[in-house]
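*Asks:* Have a look at the structure that comes next, please.
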Amino acid sequence: MRKLVFLLWATTLQAQKTEHLALTPPMGWNSWNGFHCNVTEALIRETADAMVTSGMRDAGYQYVNIDDCWHGARDSLGFIHPDSARFPTGMKALADYVHAKGLKLGIYSDAGSKTCGGRPGSRGYENQDALTYAHWGVDYLKYDWCNTDSLNAVGAYLTMRDALFRTGRPIVFSICEWGSNKPWLWASAVGNLWRTTSDIHACFDCLLDHDRWIQWGVVPILERQPALRAYAGPGHWNDPDMLEVGNGMSVSEDRAHFTMWAMVAAPLIAGNNIRSMSHETAATLTNRAVIAVDQDSLGIEGFRYSLADSVEVWFKPLARDAWAMAFLNRARTSRNATFDWRRESVADTVFNRTIEGAYHIRDLWAGADRGTTGQPLTVTLPPHDVVLLRLTR
């Protein structure tokens, strides 16, 4: 019966990307960074509870995403089932629980024959898997790129895009092929976000070499983003990978990480144990003024204006002729920086926007006003820290 229903849908619906999804960068939580393959129904339920009690849901976080290793076996018809030991009541009941909290459920699969964790992939089962996810009530799919052999990336992701569309359920489609096939050139018509680099690692400025693949720290990933900003916008976002806030970096490094992801309009997908996070971590993740920079309706990524003495200055155009401005200290020692508005000319040549005239300055982490652009601005930056400002008329 399920196969018949699918065939009827397939003949009546044109395959394409679902519109009006992810008009601002998706916000939520994903299990991988904090738990890897140790996913269970209890973890997801408790995380959904914590999303509410911590204030994350009210700050804008929507998705509770189960990453790799939830899978059980396929049945005789090829339909996937969750691991019954880890998810005893099943995905439909779990989705209902998450939805009842005012949140949405995300899930994970892979374009290859197996997932990165060795579970059943979706290759050859794209239509069945999409239909299954829709039946369960899934709202978000992260689609990985392990064990893909000689598959064509565009074709593989188009196949799942079309399968998702035919279900009739709006499901955010996250393309996770690590930037290997330059998805910024083709993925805006295929998915809602696409990874731009290899996996992130919870360090500020490092590369972790696993011999066959490399994890990147915050700064190396950030270096990659400015060249890609022209390709992103409402409904289609560059994804520099999930957040490592609360996973072992210092408070200042977490603050800098979160700030710069907001400056490049990145999806804000937390990856820590939010059930037991510190007050400092919760305060970082729920700073609504910073989140508003990320979620700005223009959907324009920020750009690096200058780099001198390990201090980067970034600007991001915002709606209603406002701007965000960030000072990022990449050094291991404190730095002072001064910006003299009379001597600087700030222009976004990609999106044709300029800073002209006087603006009021608001420090978004300190929650304090800092005068106007009529006077030079001097900031003190602790090691691996940031100052984030909002400029308004």
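Ordering of the structure tokens sets the chain letters (A, B, ...), residue numbers begin anew at 1 in every chain, and ligands are numbered from 1 in the order given.
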For the strand (DSSP E or B) assignment from backbone DSSP, which residues of stretch 226-383 of chain A qualify? Please present them as a ChimeraX atom specification.
*Replies:* /A:233,236-239,268-270,303-308,311-317,323-329,335-339,347-348,353-354,360-363,368-372,377-381
*Asks:* Let's have the selection written as a PDB file, in the first residue's frame, with C-alpha atoms.
*Replies:*
ATOM      1  CA  GLY A 233      20.707  34.229   0.804  1.00  0.00           C
ATOM      2  CA  HIS A 236      19.922  28.841   0.521  1.00  0.00           C
ATOM      3  CA  TRP A 237      22.806  29.220   2.965  1.00  0.00           C
ATOM      4  CA  ASN A 238      26.503  28.533   3.183  1.00  0.00           C
ATOM      5  CA  ASP A 239      26.994  26.178   6.128  1.00  0.00           C
ATOM      6  CA  LEU A 268      23.083  28.164  14.195  1.00  0.00           C
ATOM      7  CA  ILE A 269      22.977  24.471  15.046  1.00  0.00           C
ATOM      8  CA  ALA A 270      24.208  23.879  18.604  1.00  0.00           C
ATOM      9  CA  PHE A 303      32.672  40.454   4.862  1.00  0.00           C
ATOM     10  CA  ARG A 304      36.139  41.023   6.258  1.00  0.00           C
ATOM     11  CA  TYR A 305      37.080  44.671   5.912  1.00  0.00           C
ATOM     12  CA  SER A 306      40.628  44.545   7.298  1.00  0.00           C
ATOM     13  CA  LEU A 307      43.236  42.473   9.133  1.00  0.00           C
ATOM     14  CA  ALA A 308      46.052  44.140  11.094  1.00  0.00           C
ATOM     15  CA  VAL A 311      42.680  41.888  14.615  1.00  0.00           C
ATOM     16  CA  GLU A 312      40.030  41.382  11.950  1.00  0.00           C
ATOM     17  CA  VAL A 313      37.309  43.959  11.314  1.00  0.00           C
ATOM     18  CA  TRP A 314      34.099  42.659   9.722  1.00  0.00           C
ATOM     19  CA  PHE A 315      30.913  44.333   8.501  1.00  0.00           C
ATOM     20  CA  LYS A 316      27.481  42.882   7.721  1.00  0.00           C
ATOM     21  CA  PRO A 317      24.642  44.845   6.094  1.00  0.00           C
ATOM     22  CA  TRP A 323      24.970  47.329  10.002  1.00  0.00           C
ATOM     23  CA  ALA A 324      26.750  44.862  12.242  1.00  0.00           C
ATOM     24  CA  MET A 325      30.455  45.401  12.924  1.00  0.00           C
ATOM     25  CA  ALA A 326      32.775  42.884  14.578  1.00  0.00           C
ATOM     26  CA  PHE A 327      36.328  43.139  15.890  1.00  0.00           C
ATOM     27  CA  LEU A 328      37.911  39.674  16.175  1.00  0.00           C
ATOM     28  CA  ASN A 329      41.191  39.141  18.016  1.00  0.00           C
ATOM     29  CA  ARG A 335      44.893  43.837  21.508  1.00  0.00           C
ATOM     30  CA  ASN A 336      43.594  47.391  21.241  1.00  0.00           C
ATOM     31  CA  ALA A 337      42.028  48.564  17.993  1.00  0.00           C
ATOM     32  CA  THR A 338      40.802  51.961  16.832  1.00  0.00           C
ATOM     33  CA  PHE A 339      38.433  52.680  13.952  1.00  0.00           C
ATOM     34  CA  ALA A 347      31.389  49.616   1.116  1.00  0.00           C
ATOM     35  CA  ASP A 348      29.930  46.220   0.324  1.00  0.00           C
ATOM     36  CA  ARG A 353      25.701  48.958   0.163  1.00  0.00           C
ATOM     37  CA  THR A 354      27.735  51.655   1.902  1.00  0.00           C
ATOM     38  CA  HIS A 360      24.409  55.118  16.807  1.00  0.00           C
ATOM     39  CA  ILE A 361      26.601  52.304  18.150  1.00  0.00           C
ATOM     40  CA  ARG A 362      25.338  49.516  20.419  1.00  0.00           C
ATOM     41  CA  ASP A 363      27.661  46.884  21.935  1.00  0.00           C
ATOM     42  CA  ALA A 368      25.591  49.112  26.257  1.00  0.00           C
ATOM     43  CA  ASP A 369      25.667  52.120  23.950  1.00  0.00           C
ATOM     44  CA  ARG A 370      29.048  53.272  22.658  1.00  0.00           C
ATOM     45  CA  GLY A 371      28.320  56.690  21.219  1.00  0.00           C
ATOM     46  CA  THR A 372      28.109  57.414  17.512  1.00  0.00           C
ATOM     47  CA  LEU A 377      36.004  54.087  18.252  1.00  0.00           C
ATOM     48  CA  THR A 378      38.606  52.289  20.379  1.00  0.00           C
ATOM     49  CA  VAL A 379      38.047  48.740  21.651  1.00  0.00           C
ATOM     50  CA  THR A 380      40.037  46.444  23.932  1.00  0.00           C
ATOM     51  CA  LEU A 381      40.024  42.807  22.884  1.00  0.00           C
TER      52      LEU A 381
END
*Asks:* Which residues of stretch 252-357 of chain A have any atom within 12 Å of an atom in stretch 36-45 of chain A when counting only C-alpha atoms, and what is the closest pair of atoms for each, with the distance in Å to one decimal? Order the rows by chain and rising number and write it as a Markdown table.
*Replies:*
| residue | atom | partner | partner_atom | distance |
| --- | --- | --- | --- | --- |
| A:Gly271 | CA | A:His36 | CA | 10.0 |
| A:Asn272 | CA | A:His36 | CA | 11.0 |
| A:Asn273 | CA | A:Leu43 | CA | 9.6 |
| A:Ile274 | CA | A:Leu43 | CA | 10.5 |
| A:Arg275 | CA | A:Leu43 | CA | 9.2 |
*Asks:* Taking 3 positions as the minimum chain separation for residues in the same chain, which residues sit within 12 Å of A:Gln16 when counting only C-alpha atoms? Answer as a list in words.
*Replies:* Ala10, Leu13, Glu19, Tyr157, Leu158, Thr159, Met160, Arg161, Asp162, Ala163, Leu164, Phe165, Arg166, Thr167, Gly168, Pro170, Ser188, Ala189, Val190 and Gly191 of chain A
*Asks:* Find the residues around stretch 126-136 of chain A up to 10 Å (only C-alpha atoms counted), leave out those fewer than 3 positions away in its own chain, and share them as a ChimeraX atom specification.
*Replies:* /A:2-3,5-7,10,77-81,90-96,105-111,121-123,139-141,156-157,159-171
*Asks:* Based on the selection just made, write N, CA and C atoms of those residues as a CSV table (one decimal), in the first residue's frame.
*Replies:*
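Here's the written file out_27.csv:
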chain,number,residue,atom,x,y,z
A,2,ARG,N,1.9,1.3,0.8
A,2,ARG,CA,2.8,2.4,0.8
A,2,ARG,C,3.5,2.7,-0.5
A,3,LYS,N,3.8,1.6,-1.2
A,3,LYS,CA,4.5,1.7,-2.5
A,3,LYS,C,3.5,2.3,-3.5
A,5,VAL,N,0.8,4.3,-2.8
A,5,VAL,CA,0.6,5.7,-2.5
A,5,VAL,C,1.8,6.5,-3.1
A,6,PHE,N,3.0,6.0,-2.9
A,6,PHE,CA,4.1,6.8,-3.5
A,6,PHE,C,4.1,6.9,-5.0
A,7,LEU,N,3.7,5.8,-5.7
A,7,LEU,CA,3.7,5.9,-7.1
A,7,LEU,C,2.6,6.9,-7.6
A,10,ALA,N,4.1,10.3,-7.2
A,10,ALA,CA,5.2,10.5,-8.1
A,10,ALA,C,4.6,10.9,-9.5
A,77,LEU,N,10.5,-4.9,2.3
A,77,LEU,CA,10.1,-4.0,1.2
A,77,LEU,C,11.1,-2.9,1.1
A,78,GLY,N,12.1,-2.9,1.9
A,78,GLY,CA,13.2,-1.9,1.8
A,78,GLY,C,13.0,-0.7,2.6
A,79,PHE,N,12.0,-0.6,3.5
A,79,PHE,CA,11.7,0.5,4.3
A,79,PHE,C,12.6,0.5,5.5
A,80,ILE,N,13.2,1.6,5.9
A,80,ILE,CA,14.1,1.7,7.0
A,80,ILE,C,13.3,1.8,8.3
A,81,HIS,N,13.9,1.2,9.4
A,81,HIS,CA,13.3,1.3,10.7
A,81,HIS,C,14.4,1.8,11.7
A,90,GLY,N,9.7,4.4,18.7
A,90,GLY,CA,9.7,4.7,17.3
A,90,GLY,C,9.8,6.2,17.0
A,91,MET,N,10.1,6.5,15.7
A,91,MET,CA,10.3,7.9,15.3
A,91,MET,C,9.0,8.7,15.3
A,92,LYS,N,7.9,8.1,14.9
A,92,LYS,CA,6.7,8.9,14.9
A,92,LYS,C,6.3,9.4,16.2
A,93,ALA,N,6.4,8.5,17.2
A,93,ALA,CA,6.1,9.0,18.6
A,93,ALA,C,7.1,10.0,19.1
A,94,LEU,N,8.3,9.9,18.7
A,94,LEU,CA,9.4,10.9,19.1
A,94,LEU,C,9.1,12.2,18.4
A,95,ALA,N,8.7,12.2,17.1
A,95,ALA,CA,8.4,13.4,16.4
A,95,ALA,C,7.2,14.1,17.1
A,96,ASP,N,6.2,13.3,17.5
A,96,ASP,CA,5.0,13.9,18.1
A,96,ASP,C,5.4,14.6,19.4
A,105,LEU,N,11.5,18.2,14.4
A,105,LEU,CA,12.5,17.0,14.4
A,105,LEU,C,13.3,16.9,13.1
A,106,GLY,N,14.6,16.7,13.3
A,106,GLY,CA,15.4,16.5,12.1
A,106,GLY,C,16.0,15.1,12.2
A,107,ILE,N,16.5,14.6,11.1
A,107,ILE,CA,17.0,13.3,11.0
A,107,ILE,C,18.2,13.3,10.0
A,108,TYR,N,18.9,12.2,9.9
A,108,TYR,CA,20.2,12.1,9.2
A,108,TYR,C,20.1,10.9,8.3
A,109,SER,N,20.7,11.1,7.0
A,109,SER,CA,20.9,9.9,6.2
A,109,SER,C,22.1,10.3,5.3
A,110,ASP,N,22.4,9.4,4.4
A,110,ASP,CA,23.6,9.5,3.5
A,110,ASP,C,23.3,9.1,2.1
A,111,ALA,N,23.9,9.8,1.2
A,111,ALA,CA,23.7,9.6,-0.3
A,111,ALA,C,24.3,8.3,-0.7
A,121,GLY,N,22.7,3.4,4.3
A,121,GLY,CA,22.5,4.7,3.6
A,121,GLY,C,21.2,4.7,2.7
A,122,SER,N,21.0,5.8,2.0
A,122,SER,CA,19.8,5.9,1.2
A,122,SER,C,20.0,5.6,-0.3
A,123,ARG,N,21.2,5.3,-0.7
A,123,ARG,CA,21.4,5.0,-2.1
A,123,ARG,C,20.5,3.9,-2.6
A,139,ASP,N,11.1,17.1,9.9
A,139,ASP,CA,11.1,18.4,9.4
A,139,ASP,C,12.4,18.9,8.7
A,140,TYR,N,13.4,18.1,8.9
A,140,TYR,CA,14.8,18.5,8.5
A,140,TYR,C,15.6,17.2,8.2
A,141,LEU,N,16.3,17.2,7.1
A,141,LEU,CA,17.1,16.1,6.7
A,141,LEU,C,18.6,16.6,6.5
A,156,ALA,N,23.0,13.0,-7.2
A,156,ALA,CA,22.6,12.3,-5.9
A,156,ALA,C,21.8,13.2,-5.1
A,157,TYR,N,22.2,14.5,-5.0
A,157,TYR,CA,21.4,15.4,-4.1
A,157,TYR,C,20.1,15.8,-4.8
A,159,THR,N,18.3,13.8,-6.6
A,159,THR,CA,17.5,12.6,-6.5
A,159,THR,C,16.7,12.7,-5.1
A,160,MET,N,17.5,13.0,-4.1
A,160,MET,CA,16.8,13.1,-2.8
A,160,MET,C,15.9,14.4,-2.7
A,161,ARG,N,16.4,15.5,-3.3
A,161,ARG,CA,15.5,16.7,-3.3
A,161,ARG,C,14.2,16.3,-3.9
A,162,ASP,N,14.2,15.7,-5.0
A,162,ASP,CA,12.9,15.3,-5.7
A,162,ASP,C,12.1,14.4,-4.9
A,163,ALA,N,12.7,13.4,-4.2
A,163,ALA,CA,12.0,12.5,-3.4
A,163,ALA,C,11.3,13.2,-2.2
A,164,LEU,N,12.0,14.1,-1.6
A,164,LEU,CA,11.4,14.9,-0.5
A,164,LEU,C,10.3,15.7,-1.0
A,165,PHE,N,10.4,16.4,-2.1
A,165,PHE,CA,9.3,17.2,-2.7
A,165,PHE,C,8.1,16.4,-2.9
A,166,ARG,N,8.3,15.2,-3.5
A,166,ARG,CA,7.1,14.4,-3.8
A,166,ARG,C,6.3,13.9,-2.6
A,167,THR,N,6.9,13.9,-1.4
A,167,THR,CA,6.1,13.5,-0.3
A,167,THR,C,5.0,14.6,0.1
A,168,GLY,N,5.2,15.8,-0.3
A,168,GLY,CA,4.3,16.8,0.0
A,168,GLY,C,4.5,17.5,1.3
A,169,ARG,N,5.5,17.0,2.1
A,169,ARG,CA,5.9,17.6,3.4
A,169,ARG,C,7.0,18.5,3.3
A,170,PRO,N,6.9,19.7,3.8
A,170,PRO,CA,8.1,20.7,3.8
A,170,PRO,C,9.2,20.2,4.7
A,171,ILE,N,10.3,19.8,4.1
A,171,ILE,CA,11.5,19.3,4.9
A,171,ILE,C,12.7,20.1,4.5
*Asks:* Once you count only C-alpha atoms, what closest atom pair and distance in Å to one decimal does each residue of stretch 163-204 of chain A within 10 Å of stretch 210-217 of chain A have, with rows by chain and rising residue number, as a Markdown table?
*Replies:*
| residue | atom | partner | partner_atom | distance |
| --- | --- | --- | --- | --- |
| A:Thr197 | CA | A:Trp216 | CA | 8.0 |
| A:Ser198 | CA | A:Gln215 | CA | 6.0 |
| A:Asp199 | CA | A:Gln215 | CA | 5.1 |
| A:Ile200 | CA | A:Trp216 | CA | 4.9 |
| A:His201 | CA | A:Gly217 | CA | 5.1 |
| A:Ala202 | CA | A:Gly217 | CA | 6.4 |
| A:Cys203 | CA | A:Gly217 | CA | 5.0 |
| A:Phe204 | CA | A:Gly217 | CA | 5.3 |
*Asks:* I need the chosen residues saved as a PDB file, in the first residue's frame, with C-alpha atoms.
*Replies:*
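Listed below is the output, selection_29.pdb:
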ATOM      1  CA  THR A 197      34.322  22.682   4.526  1.00  0.00           C
ATOM      2  CA  SER A 198      35.283  19.482   6.275  1.00  0.00           C
ATOM      3  CA  ASP A 199      34.008  18.838   9.806  1.00  0.00           C
ATOM      4  CA  ILE A 200      34.543  21.390  12.547  1.00  0.00           C
ATOM      5  CA  HIS A 201      36.646  20.682  15.647  1.00  0.00           C
ATOM      6  CA  ALA A 202      36.237  22.347  19.044  1.00  0.00           C
ATOM      7  CA  CYS A 203      39.334  24.529  18.850  1.00  0.00           C
ATOM      8  CA  PHE A 204      39.803  28.174  17.974  1.00  0.00           C
TER       9      PHE A 204
END
*Asks:* For A:Ala48, list every protein, DNA or RNA residue within 8 Å, evaluated using only C-alpha atoms, and leave out those in the same chain fewer than 6 positions away; present the list as a list in words.
*Replies:* Val64, Val98, Lys101 and Leu103 of chain A
*Asks:* Got time to write the residues from that selection, N, CA and C atoms, as a short mmCIF file (atom, residue, chain, number, x, y, z; two decimals), in the first residue's frame?
*Replies:*
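What ended up in again.cif:
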data_model
loop_
_atom_site.label_atom_id
_atom_site.label_comp_id
_atom_site.auth_asym_id
_atom_site.auth_seq_id
_atom_site.Cartn_x
_atom_site.Cartn_y
_atom_site.Cartn_z
N VAL A 64 15.43 19.90 16.54
CA VAL A 64 16.14 18.91 17.34
C VAL A 64 16.53 17.80 16.37
N VAL A 98 8.41 15.86 20.23
CA VAL A 98 9.16 17.08 19.91
C VAL A 98 8.21 18.17 19.42
N LYS A 101 6.36 20.10 22.00
CA LYS A 101 7.16 21.10 22.70
C LYS A 101 7.30 22.40 21.90
N LEU A 103 8.66 22.44 18.89
CA LEU A 103 9.91 22.28 18.17
C LEU A 103 9.71 21.38 16.96
#
*Asks:* So what do you get for atom CA of A:Trp341 versus atom CA of A:Thr373, distance-wise?
*Replies:* 6.1 Å
*Asks:* So, with only C-alpha atoms as the atoms that count, which of A:Pro382, A:Leu388, A:Glu280, A:His257 lies closest to A:Ser310?
*Replies:*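 Counting only C-alpha atoms, the residue closest to A:Ser310 is A:Pro382.
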*Asks:* Calculated over only C-alpha atoms, which of the candidates A:Ala289, A:Leu391, A:Ala232, A:Cys69 has the smallest distance to A:Cys116?
*Replies:*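 So, comparing all the options, the nearest one is A:Cys69.
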*Asks:* Just the helix (DSSP H, G or I) stuff from stretch 93-266 of chain A, please, per backbone DSSP, written as a PyMOL selection string.
*Replies:* chain A and resi 93-100+126-136+153-166+183-185+187-189+218-224+226-231+251-263
*Asks:* Using only C-alpha atoms, please write the residues we just selected to a file, as a PDB file, in the first residue's frame.
*Replies:*
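Result went into selection-v4.pdb, see below:
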ATOM      1  CA  ALA A  93       6.088   8.962  18.611  1.00  0.00           C
ATOM      2  CA  LEU A  94       9.360  10.850  19.084  1.00  0.00           C
ATOM      3  CA  ALA A  95       8.399  13.405  16.440  1.00  0.00           C
ATOM      4  CA  ASP A  96       5.033  13.875  18.137  1.00  0.00           C
ATOM      5  CA  TYR A  97       6.806  14.521  21.445  1.00  0.00           C
ATOM      6  CA  VAL A  98       9.156  17.078  19.905  1.00  0.00           C
ATOM      7  CA  HIS A  99       6.323  18.806  18.047  1.00  0.00           C
ATOM      8  CA  ALA A 100       4.299  19.042  21.262  1.00  0.00           C
ATOM      9  CA  GLU A 126      15.716   7.619  -1.763  1.00  0.00           C
ATOM     10  CA  ASN A 127      11.990   7.560  -2.500  1.00  0.00           C
ATOM     11  CA  GLN A 128      11.187   5.072   0.254  1.00  0.00           C
ATOM     12  CA  ASP A 129      13.277   6.922   2.803  1.00  0.00           C
ATOM     13  CA  ALA A 130      11.762  10.299   1.968  1.00  0.00           C
ATOM     14  CA  LEU A 131       8.262   8.849   2.249  1.00  0.00           C
ATOM     15  CA  THR A 132       9.178   7.240   5.577  1.00  0.00           C
ATOM     16  CA  TYR A 133      10.562  10.486   6.981  1.00  0.00           C
ATOM     17  CA  ALA A 134       7.434  12.354   5.947  1.00  0.00           C
ATOM     18  CA  HIS A 135       5.239   9.687   7.553  1.00  0.00           C
ATOM     19  CA  TRP A 136       7.192  10.024  10.791  1.00  0.00           C
ATOM     20  CA  ALA A 153      27.074  14.776  -6.243  1.00  0.00           C
ATOM     21  CA  VAL A 154      24.620  16.977  -8.150  1.00  0.00           C
ATOM     22  CA  GLY A 155      22.659  13.964  -9.343  1.00  0.00           C
ATOM     23  CA  ALA A 156      22.635  12.282  -5.949  1.00  0.00           C
ATOM     24  CA  TYR A 157      21.364  15.357  -4.143  1.00  0.00           C
ATOM     25  CA  LEU A 158      18.823  16.122  -6.857  1.00  0.00           C
ATOM     26  CA  THR A 159      17.453  12.604  -6.466  1.00  0.00           C
ATOM     27  CA  MET A 160      16.799  13.113  -2.762  1.00  0.00           C
ATOM     28  CA  ARG A 161      15.531  16.650  -3.318  1.00  0.00           C
ATOM     29  CA  ASP A 162      12.918  15.336  -5.722  1.00  0.00           C
ATOM     30  CA  ALA A 163      11.979  12.492  -3.400  1.00  0.00           C
ATOM     31  CA  LEU A 164      11.439  14.898  -0.516  1.00  0.00           C
ATOM     32  CA  PHE A 165       9.326  17.204  -2.658  1.00  0.00           C
ATOM     33  CA  ARG A 166       7.088  14.384  -3.818  1.00  0.00           C
ATOM     34  CA  PRO A 183      27.987  23.127  -3.869  1.00  0.00           C
ATOM     35  CA  TRP A 184      27.729  26.927  -3.710  1.00  0.00           C
ATOM     36  CA  LEU A 185      27.755  26.813  -7.529  1.00  0.00           C
ATOM     37  CA  ALA A 187      23.035  23.786  -4.566  1.00  0.00           C
ATOM     38  CA  SER A 188      20.771  26.831  -4.247  1.00  0.00           C
ATOM     39  CA  ALA A 189      18.190  25.058  -6.438  1.00  0.00           C
ATOM     40  CA  VAL A 218      36.905  28.057  13.975  1.00  0.00           C
ATOM     41  CA  VAL A 219      39.420  30.394  12.326  1.00  0.00           C
ATOM     42  CA  PRO A 220      40.377  28.097   9.394  1.00  0.00           C
ATOM     43  CA  ILE A 221      36.688  27.613   8.604  1.00  0.00           C
ATOM     44  CA  LEU A 222      36.016  31.345   8.867  1.00  0.00           C
ATOM     45  CA  GLU A 223      38.833  32.026   6.394  1.00  0.00           C
ATOM     46  CA  ARG A 224      36.884  30.101   3.749  1.00  0.00           C
ATOM     47  CA  PRO A 226      34.152  35.508   2.491  1.00  0.00           C
ATOM     48  CA  ALA A 227      34.782  34.187  -1.026  1.00  0.00           C
ATOM     49  CA  LEU A 228      31.436  32.352  -0.944  1.00  0.00           C
ATOM     50  CA  ARG A 229      29.137  35.082   0.346  1.00  0.00           C
ATOM     51  CA  ALA A 230      27.672  35.987  -3.041  1.00  0.00           C
ATOM     52  CA  TYR A 231      26.060  32.541  -3.304  1.00  0.00           C
ATOM     53  CA  VAL A 251      34.143  31.378  27.166  1.00  0.00           C
ATOM     54  CA  SER A 252      35.771  34.065  25.030  1.00  0.00           C
ATOM     55  CA  GLU A 253      36.451  31.603  22.193  1.00  0.00           C
ATOM     56  CA  ASP A 254      32.845  30.396  22.340  1.00  0.00           C
ATOM     57  CA  ARG A 255      31.668  34.014  22.193  1.00  0.00           C
ATOM     58  CA  ALA A 256      33.926  34.739  19.211  1.00  0.00           C
ATOM     59  CA  HIS A 257      32.814  31.542  17.446  1.00  0.00           C
ATOM     60  CA  PHE A 258      29.119  32.334  17.925  1.00  0.00           C
ATOM     61  CA  THR A 259      29.605  35.951  16.871  1.00  0.00           C
ATOM     62  CA  MET A 260      31.413  35.149  13.657  1.00  0.00           C
ATOM     63  CA  TRP A 261      28.862  32.484  12.681  1.00  0.00           C
ATOM     64  CA  ALA A 262      26.226  35.203  13.114  1.00  0.00           C
ATOM     65  CA  MET A 263      28.289  37.597  11.012  1.00  0.00           C
TER      66      MET A 263
END
*Asks:* Measure the distance from atom CA of A:Arg195 to atom CA of A:Trp178 in Å and round it to one decimal.
*Replies:* 5.0 Å
